[in-house]
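Peer 1: This is the content of entry-v3.csv (CSV, C-alpha atoms):
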```csv
chain,number,residue,atom,x,y,z
A,32,MET,CA,0.0,0.0,0.0
A,33,SER,CA,1.4,3.4,-0.9
A,34,ALA,CA,2.0,6.1,1.7
A,35,LYS,CA,-0.9,8.3,2.6
A,36,VAL,CA,-0.8,11.8,1.3
A,37,LEU,CA,-1.6,15.0,3.3
A,38,GLY,CA,-2.4,18.1,1.2
A,39,PHE,CA,-2.0,21.5,2.8
A,40,VAL,CA,-3.8,24.6,1.6
A,41,HIS,CA,-2.1,27.8,3.0
A,42,THR,CA,-2.7,31.5,2.6
A,43,SER,CA,0.9,32.3,3.5
A,44,ALA,CA,4.1,30.8,2.3
A,45,THR,CA,5.7,31.4,5.7
A,46,LEU,CA,3.6,28.4,7.0
A,47,VAL,CA,5.1,25.9,4.6
A,48,PRO,CA,8.3,25.2,6.7
A,49,LEU,CA,6.4,25.2,10.0
A,50,PHE,CA,4.0,22.5,8.8
A,51,GLN,CA,6.9,20.5,7.2
A,52,GLN,CA,8.6,20.5,10.6
A,53,LEU,CA,5.4,19.3,12.3
A,54,THR,CA,4.9,16.6,9.6
A,55,ASN,CA,8.4,15.3,10.4
A,56,GLU,CA,7.6,15.4,14.1
A,57,PHE,CA,4.1,13.8,14.1
A,58,LEU,CA,3.6,12.2,10.7
A,59,SER,CA,7.0,10.8,9.6
A,60,GLY,CA,6.7,8.8,6.4
A,61,VAL,CA,3.6,10.7,5.3
A,62,GLU,CA,3.9,12.4,1.9
A,63,THR,CA,2.8,16.1,1.8
A,64,PHE,CA,2.3,18.8,-0.8
A,65,ASN,CA,1.4,22.5,-0.5
A,66,ILE,CA,-1.0,24.8,-2.3
A,67,VAL,CA,-0.3,28.4,-1.4
A,68,ASP,CA,-2.3,31.4,-2.4
A,69,ASP,CA,-1.7,34.5,-0.3
A,70,SER,CA,-4.2,36.5,-2.5
A,71,LEU,CA,-6.9,34.9,-0.4
A,72,ILE,CA,-5.9,36.4,2.9
A,73,LYS,CA,-5.0,39.7,1.2
A,74,ASP,CA,-8.5,39.9,-0.2
A,75,VAL,CA,-10.1,39.1,3.2
A,76,ILE,CA,-8.0,41.7,4.9
A,77,LYS,CA,-8.7,44.3,2.2
A,78,LYS,CA,-12.5,43.7,2.3
A,79,GLY,CA,-12.7,43.1,6.0
A,80,LYS,CA,-14.5,39.8,5.5
A,81,LEU,CA,-14.5,36.6,3.4
A,82,MET,CA,-16.3,37.5,0.1
A,83,PRO,CA,-18.3,34.9,-1.8
A,84,ASN,CA,-15.9,34.9,-4.8
A,85,THR,CA,-12.9,34.4,-2.4
A,86,ALA,CA,-14.7,31.6,-0.6
A,87,ALA,CA,-15.3,30.0,-4.0
A,88,ARG,CA,-11.6,30.1,-4.7
A,89,VAL,CA,-10.8,28.5,-1.4
A,90,VAL,CA,-13.2,25.7,-2.3
A,91,SER,CA,-11.5,25.3,-5.7
A,92,HIS,CA,-8.0,25.0,-4.1
A,93,ILE,CA,-9.4,22.3,-1.8
A,94,GLN,CA,-10.8,20.5,-4.7
A,95,ALA,CA,-7.5,20.8,-6.5
A,96,ALA,CA,-5.8,19.3,-3.5
A,97,GLU,CA,-8.2,16.4,-3.6
A,98,ALA,CA,-7.6,16.0,-7.4
A,99,ALA,CA,-3.8,16.0,-6.7
A,100,GLY,CA,-4.2,12.9,-4.6
A,101,ALA,CA,-4.5,14.1,-1.0
A,102,ASP,CA,-6.0,11.5,1.3
A,103,VAL,CA,-6.6,14.2,3.9
A,104,ILE,CA,-6.5,18.0,3.4
A,105,LEU,CA,-5.5,20.5,6.1
A,106,VAL,CA,-6.3,24.2,5.6
A,107,THR,CA,-4.0,26.3,7.7
A,108,CYS,CA,-5.9,29.7,7.8
A,109,SER,CA,-8.6,30.6,10.2
A,110,SER,CA,-9.9,33.6,8.3
A,111,ILE,CA,-11.4,31.4,5.6
A,112,GLY,CA,-12.9,28.9,8.0
A,113,VAL,CA,-16.5,29.1,6.7
A,114,ALA,CA,-15.3,28.3,3.2
A,115,ILE,CA,-13.3,25.3,4.5
A,116,GLU,CA,-16.5,23.9,6.1
A,117,THR,CA,-18.4,24.3,2.8
A,118,ALA,CA,-15.6,22.6,0.9
A,119,ALA,CA,-15.7,19.7,3.3
A,120,THR,CA,-19.3,19.0,2.3
A,121,LEU,CA,-18.2,18.8,-1.4
A,122,SER,CA,-15.2,16.6,-0.8
A,123,SER,CA,-14.8,12.9,-0.6
A,124,VAL,CA,-11.7,13.1,1.6
A,125,PRO,CA,-11.5,14.7,5.1
A,126,VAL,CA,-11.0,18.5,4.9
A,127,ILE,CA,-9.9,19.9,8.2
A,128,ARG,CA,-9.7,23.4,9.7
A,129,VAL,CA,-6.4,24.0,11.4
A,130,ASP,CA,-8.1,25.5,14.4
A,131,GLN,CA,-10.8,22.9,15.1
A,132,ALA,CA,-8.7,20.6,17.3
A,133,MET,CA,-7.5,23.6,19.3
A,134,ALA,CA,-11.0,24.8,19.8
A,135,ASP,CA,-12.1,21.4,21.1
A,136,GLU,CA,-9.1,21.3,23.5
A,137,ALA,CA,-9.9,24.7,24.8
A,138,VAL,CA,-13.5,23.8,25.4
A,139,GLN,CA,-12.4,20.7,27.4
A,140,ILE,CA,-10.0,22.8,29.6
A,141,SER,CA,-12.4,25.5,30.8
A,142,ASN,CA,-15.6,27.5,30.1
A,143,LYS,CA,-13.7,30.8,30.4
A,144,ILE,CA,-11.8,31.0,27.1
A,145,GLY,CA,-9.8,33.8,25.7
A,146,VAL,CA,-9.3,34.3,21.9
A,147,ILE,CA,-6.5,36.5,20.7
A,148,ALA,CA,-5.7,37.7,17.2
A,149,THR,CA,-3.7,40.4,15.3
A,150,LEU,CA,-6.4,40.5,12.6
A,151,PRO,CA,-10.1,41.2,13.1
A,152,THR,CA,-10.8,38.8,10.2
A,153,THR,CA,-9.4,35.9,12.3
A,154,LEU,CA,-10.7,37.0,15.6
A,155,GLU,CA,-14.4,36.6,14.6
A,156,PRO,CA,-14.1,33.2,12.8
A,157,THR,CA,-12.1,31.7,15.6
A,158,SER,CA,-14.4,32.9,18.4
A,159,ASP,CA,-17.3,31.6,16.3
A,160,LEU,CA,-15.7,28.2,15.9
A,161,VAL,CA,-15.0,28.0,19.7
A,162,ARG,CA,-18.6,28.9,20.4
A,163,ARG,CA,-19.9,26.2,18.0
A,164,ARG,CA,-17.5,23.5,19.2
A,165,ALA,CA,-18.6,24.2,22.8
A,166,GLN,CA,-22.2,23.9,21.8
A,167,LEU,CA,-21.5,20.6,20.1
A,168,ALA,CA,-19.8,19.4,23.3
A,169,GLY,CA,-22.8,20.5,25.3
A,170,LYS,CA,-20.7,23.2,27.1
A,171,ASN,CA,-21.7,26.7,28.0
A,172,VAL,CA,-18.6,29.0,27.6
A,173,THR,CA,-17.8,32.6,28.0
A,174,ILE,CA,-15.4,33.9,25.3
A,175,SER,CA,-13.2,37.0,25.9
A,176,SER,CA,-11.7,38.1,22.6
A,177,LYS,CA,-8.8,40.5,22.3
A,178,LEU,CA,-7.4,42.1,19.1
A,179,CYS,CA,-3.8,43.3,19.1
A,180,GLU,CA,-4.3,46.4,17.0
A,181,GLY,CA,-1.4,47.2,14.7
A,182,ALA,CA,0.6,44.0,15.4
A,183,PHE,CA,-0.1,42.3,12.1
A,184,GLU,CA,0.9,45.5,10.2
A,185,ALA,CA,4.1,45.6,12.2
A,186,LEU,CA,4.9,42.0,11.2
A,187,MET,CA,4.1,42.6,7.5
A,188,SER,CA,6.3,45.7,7.4
A,189,GLY,CA,9.2,43.6,8.8
A,190,ASP,CA,9.1,44.7,12.4
A,191,ALA,CA,8.7,41.3,14.1
A,192,ALA,CA,10.1,42.6,17.4
A,193,LYS,CA,7.3,45.1,17.7
A,194,HIS,CA,4.7,42.5,16.7
A,195,ASP,CA,6.0,40.1,19.4
A,196,GLU,CA,6.1,42.8,22.0
A,197,MET,CA,2.4,43.8,21.3
A,198,VAL,CA,1.2,40.2,21.3
A,199,ALA,CA,3.1,39.4,24.6
A,200,LYS,CA,1.6,42.4,26.3
A,201,ALA,CA,-2.0,41.5,25.2
A,202,LEU,CA,-1.4,37.9,26.2
A,203,LYS,CA,-0.4,38.9,29.7
A,204,GLU,CA,-3.5,41.1,30.1
A,205,LEU,CA,-5.8,38.4,28.8
A,206,MET,CA,-4.4,35.7,31.0
A,207,LYS,CA,-5.7,37.5,34.0
A,208,GLU,CA,-9.3,37.2,32.8
A,209,VAL,CA,-9.5,33.6,31.5
A,210,ASP,CA,-8.5,30.0,32.2
A,211,VAL,CA,-7.2,29.1,28.7
A,212,ILE,CA,-6.2,31.2,25.6
A,213,VAL,CA,-6.4,30.2,22.0
A,214,LEU,CA,-4.3,31.9,19.4
A,215,ALA,CA,-6.4,32.8,16.3
A,216,GLN,CA,-3.2,32.8,14.1
A,217,ALA,CA,-0.3,30.4,13.8
A,218,SER,CA,2.0,33.4,13.4
A,219,MET,CA,1.5,34.3,17.1
A,220,ALA,CA,2.8,30.9,18.4
A,221,ARG,CA,6.5,32.0,18.5
A,222,VAL,CA,5.6,34.8,20.9
A,223,VAL,CA,4.3,32.2,23.4
A,224,ASP,CA,7.5,30.2,23.0
A,225,ASN,CA,9.4,33.3,24.2
A,226,LEU,CA,7.3,33.8,27.4
A,227,SER,CA,8.8,32.3,30.6
A,228,ALA,CA,7.1,29.5,32.5
A,229,GLU,CA,6.2,32.0,35.2
A,230,GLU,CA,4.5,34.3,32.7
A,231,LYS,CA,2.3,31.5,31.4
A,232,ILE,CA,-0.3,31.4,34.1
A,233,VAL,CA,-2.9,29.7,31.9
A,234,PRO,CA,-2.5,27.2,29.0
A,235,ILE,CA,-2.0,29.0,25.7
A,236,LEU,CA,-3.0,26.9,22.7
A,237,ALA,CA,-1.6,27.3,19.2
A,238,SER,CA,-3.3,25.4,16.4
A,239,PRO,CA,-0.5,23.9,14.2
A,240,ALA,CA,0.9,21.3,16.6
A,241,ILE,CA,-2.5,20.4,18.1
A,242,ALA,CA,-4.0,20.0,14.6
A,243,MET,CA,-1.1,17.8,13.4
A,244,LYS,CA,-1.2,15.7,16.5
A,245,LYS,CA,-5.0,15.1,16.0
A,246,LEU,CA,-4.5,14.3,12.4
A,247,ALA,CA,-1.9,11.7,13.3
A,248,GLU,CA,-4.4,10.1,15.8
A,249,LEU,CA,-7.4,10.2,13.4
A,250,TYR,CA,-6.1,9.5,9.9
A,251,PHE,CA,-2.6,8.3,9.7
```
Starting from the coordinates I provided, produce the structure as structure tokens.

Peer 2:
Amino acid sequence: MSAKVLGFVHTSATLVPLFQQLTNEFLSGVETFNIVDDSLIKDVIKKGKLMPNTAARVVSHIQAAEAAGADVILVTCSSIGVAIETAATLSSVPVIRVDQAMADEAVQISNKIGVIATLPTTLEPTSDLVRRRAQLAGKNVTISSKLCEGAFEALMSGDAAKHDEMVAKALKELMKEVDVIVLAQASMARVVDNLSAEEKIVPILASPAIAMKKLAELYF
């Protein structure tokens, strides 16, 4: 039997090495390929929401990944979550949102959940997903969401230090109000890695590793 194939659909090329590293860690021997289209996220940011024609392109990328031979498809961007769920209904292989396993884990940990993002377009879809996964699990949760205004722009303009500083500050404030925090964007995970153990007073969940671990359990 040939090796199983995992297809990634990304809206940023910066995520390719990260998910390759996680594949090596959790899914050694699994073949992967990447479809990257950063015009999707740029359009969402420009319009402030996911437009129907952009959603349709997300669906077509996912269908292309299936046509390319993926046994499982992981989509690594939260801003296009709704389109991912639509694509899943049209696909004959599993199509997974990168943030779903993280949302499920957060719901299991506590009913006081913080969601943090550097983009309003990821804050809302992630909060919505946590809310729906909680409902599915029969849990009543309170979600506190926090937007790090300007941090994403700092990162895009090459000032990673400023981005990290802003995210760290926001994380520390949010930790005082909730029992668990979910990061709405994979790009924020490195900030958490730089916090000391003393600073991490509640669990902070980042989607990439949690998603890959879950995929390993379920499909490979």

Peer 1: With 10 Å as the cut-off and only C-alpha atoms counted, what is the closest atom pair between each nearby residue of segment 126-187 of chain A and segment 69-78 of chain A? Distances in Å to one decimal, ordered by chain and number, as JSON lines.

Peer 2:
```
{"residue": "A:Leu150", "atom": "CA", "partner": "A:Ile76", "partner_atom": "CA", "distance": 8.0}
{"residue": "A:Pro151", "atom": "CA", "partner": "A:Ile76", "partner_atom": "CA", "distance": 8.5}
{"residue": "A:Thr152", "atom": "CA", "partner": "A:Ile76", "partner_atom": "CA", "distance": 6.7}
{"residue": "A:Thr153", "atom": "CA", "partner": "A:Ile76", "partner_atom": "CA", "distance": 9.5}
```

Peer 1: Can I get the selected residues back with C-alpha atoms, as a PDB file, in the coordinates of the input?

Peer 2:
```pdb
ATOM      1  CA  LEU A 150      -6.400  40.500  12.600  1.00  0.00           C
ATOM      2  CA  PRO A 151     -10.100  41.200  13.100  1.00  0.00           C
ATOM      3  CA  THR A 152     -10.800  38.800  10.200  1.00  0.00           C
ATOM      4  CA  THR A 153      -9.400  35.900  12.300  1.00  0.00           C
TER       5      THR A 153
END
```

Peer 1: Using all atoms listed in the file, I'd like a table of the residues in segment 181-206 of chain A that come within 12 Å of segment 225-234 of chain A; for each, show the closest atom pair and its distance in Å rounded to one decimal, ordered by chain and ascending number, as CSV.

Peer 2:
```
residue,atom,partner,partner_atom,distance
A:Ala192,CA,A:Asn225,CA,11.5
A:Asp195,CA,A:Asn225,CA,9.0
A:Glu196,CA,A:Asn225,CA,10.3
A:Val198,CA,A:Leu226,CA,10.7
A:Ala199,CA,A:Leu226,CA,7.5
A:Lys200,CA,A:Leu226,CA,10.4
A:Leu202,CA,A:Lys231,CA,9.0
A:Lys203,CA,A:Glu230,CA,7.4
A:Glu204,CA,A:Glu230,CA,10.8
A:Leu205,CA,A:Val233,CA,9.7
A:Met206,CA,A:Val233,CA,6.2
```

Peer 1: Under the rule that all atoms listed in the file are counted, which of A:Leu214, A:Ala182, A:Val36, A:Val222 is the nearest residue to Gly145 of chain A?

Peer 2: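 Closest candidate: A:Leu214.
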
Peer 1: Of the candidates A:Val161, A:Leu58, A:Ala240, A:Val146, which shows the shortest atom-to-atom distance to Ser176 of chain A, using all atoms listed in the file?

Peer 2: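 The shortest atom-to-atom distance to Ser176 of chain A comes from A:Val146.
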
Peer 1: Quick one: of A:Ser175, A:Ser109, A:Thr117, A:Ser218, who's nearest to Val47 of chain A, counting only C-alpha atoms?

Peer 2: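 Of A:Ser175, A:Ser109, A:Thr117, A:Ser218, the one nearest Val47 of chain A is A:Ser218, counting only C-alpha atoms.
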
Peer 1: Can you work out the spacing between atom CA of Ser158 of chain A and atom CA of Asp130 of chain A in Å, to one decimal?

Peer 2: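 Atom CA of Asp130 of chain A lies at a distance of 10.5 Å from atom CA of Ser158 of chain A.
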
Peer 1: Here is a test: counting all atoms listed in the file, which residue of A:Ser188, A:Gln131, A:Ser123, A:Thr107 is nearest to Arg163 of chain A?

Peer 2: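 Closest to Arg163 of chain A, using all atoms listed in the file: A:Gln131.
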
Peer 1: Kindly give the distance, in Å, that separates atom CA of Phe64 of chain A and atom CA of Val40 of chain A, rounded to a single decimal.

Peer 2: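 Spanning atom CA of Phe64 of chain A to atom CA of Val40 of chain A is a straight-line distance of 8.8 Å.
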
Peer 1: Quote the spacing between atom CA of Asp102 of chain A and atom CA of Asn65 of chain A in Å to one decimal place.

Peer 2: 13.4 Å

Peer 1: Check which residues of segment 50-89 of chain A sit at most 10 Å from segment 242-249 of chain A using only C-alpha atoms, and return one row each with the closest pair of atoms and their distance in Å to one decimal, ordered by chain and rising number, as JSON lines.

Peer 2:
```
{"residue": "A:Phe50", "atom": "CA", "partner": "A:Met243", "partner_atom": "CA", "distance": 8.3}
{"residue": "A:Leu53", "atom": "CA", "partner": "A:Met243", "partner_atom": "CA", "distance": 6.8}
{"residue": "A:Thr54", "atom": "CA", "partner": "A:Met243", "partner_atom": "CA", "distance": 7.2}
{"residue": "A:Glu56", "atom": "CA", "partner": "A:Met243", "partner_atom": "CA", "distance": 9.1}
{"residue": "A:Phe57", "atom": "CA", "partner": "A:Lys244", "partner_atom": "CA", "distance": 6.1}
{"residue": "A:Leu58", "atom": "CA", "partner": "A:Ala247", "partner_atom": "CA", "distance": 6.1}
{"residue": "A:Ser59", "atom": "CA", "partner": "A:Ala247", "partner_atom": "CA", "distance": 9.7}
{"residue": "A:Val61", "atom": "CA", "partner": "A:Ala247", "partner_atom": "CA", "distance": 9.8}
```

Peer 1: Could you tell me which of A:Leu167, A:Ala237, A:Leu154, A:Ala148 comes closest to Ala201 of chain A if we count only C-alpha atoms?

Peer 2: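 Residue with the minimum atom-to-atom distance to Ala201 of chain A: A:Ala148.
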
Peer 1: Find, counting all atoms listed in the file, the residue in A:Gln51, A:Thr149, A:Ser91, A:Ser238 that gets nearest to Asp68 of chain A.

Peer 2: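 Closest to Asp68 of chain A, using all atoms listed in the file: A:Ser91.
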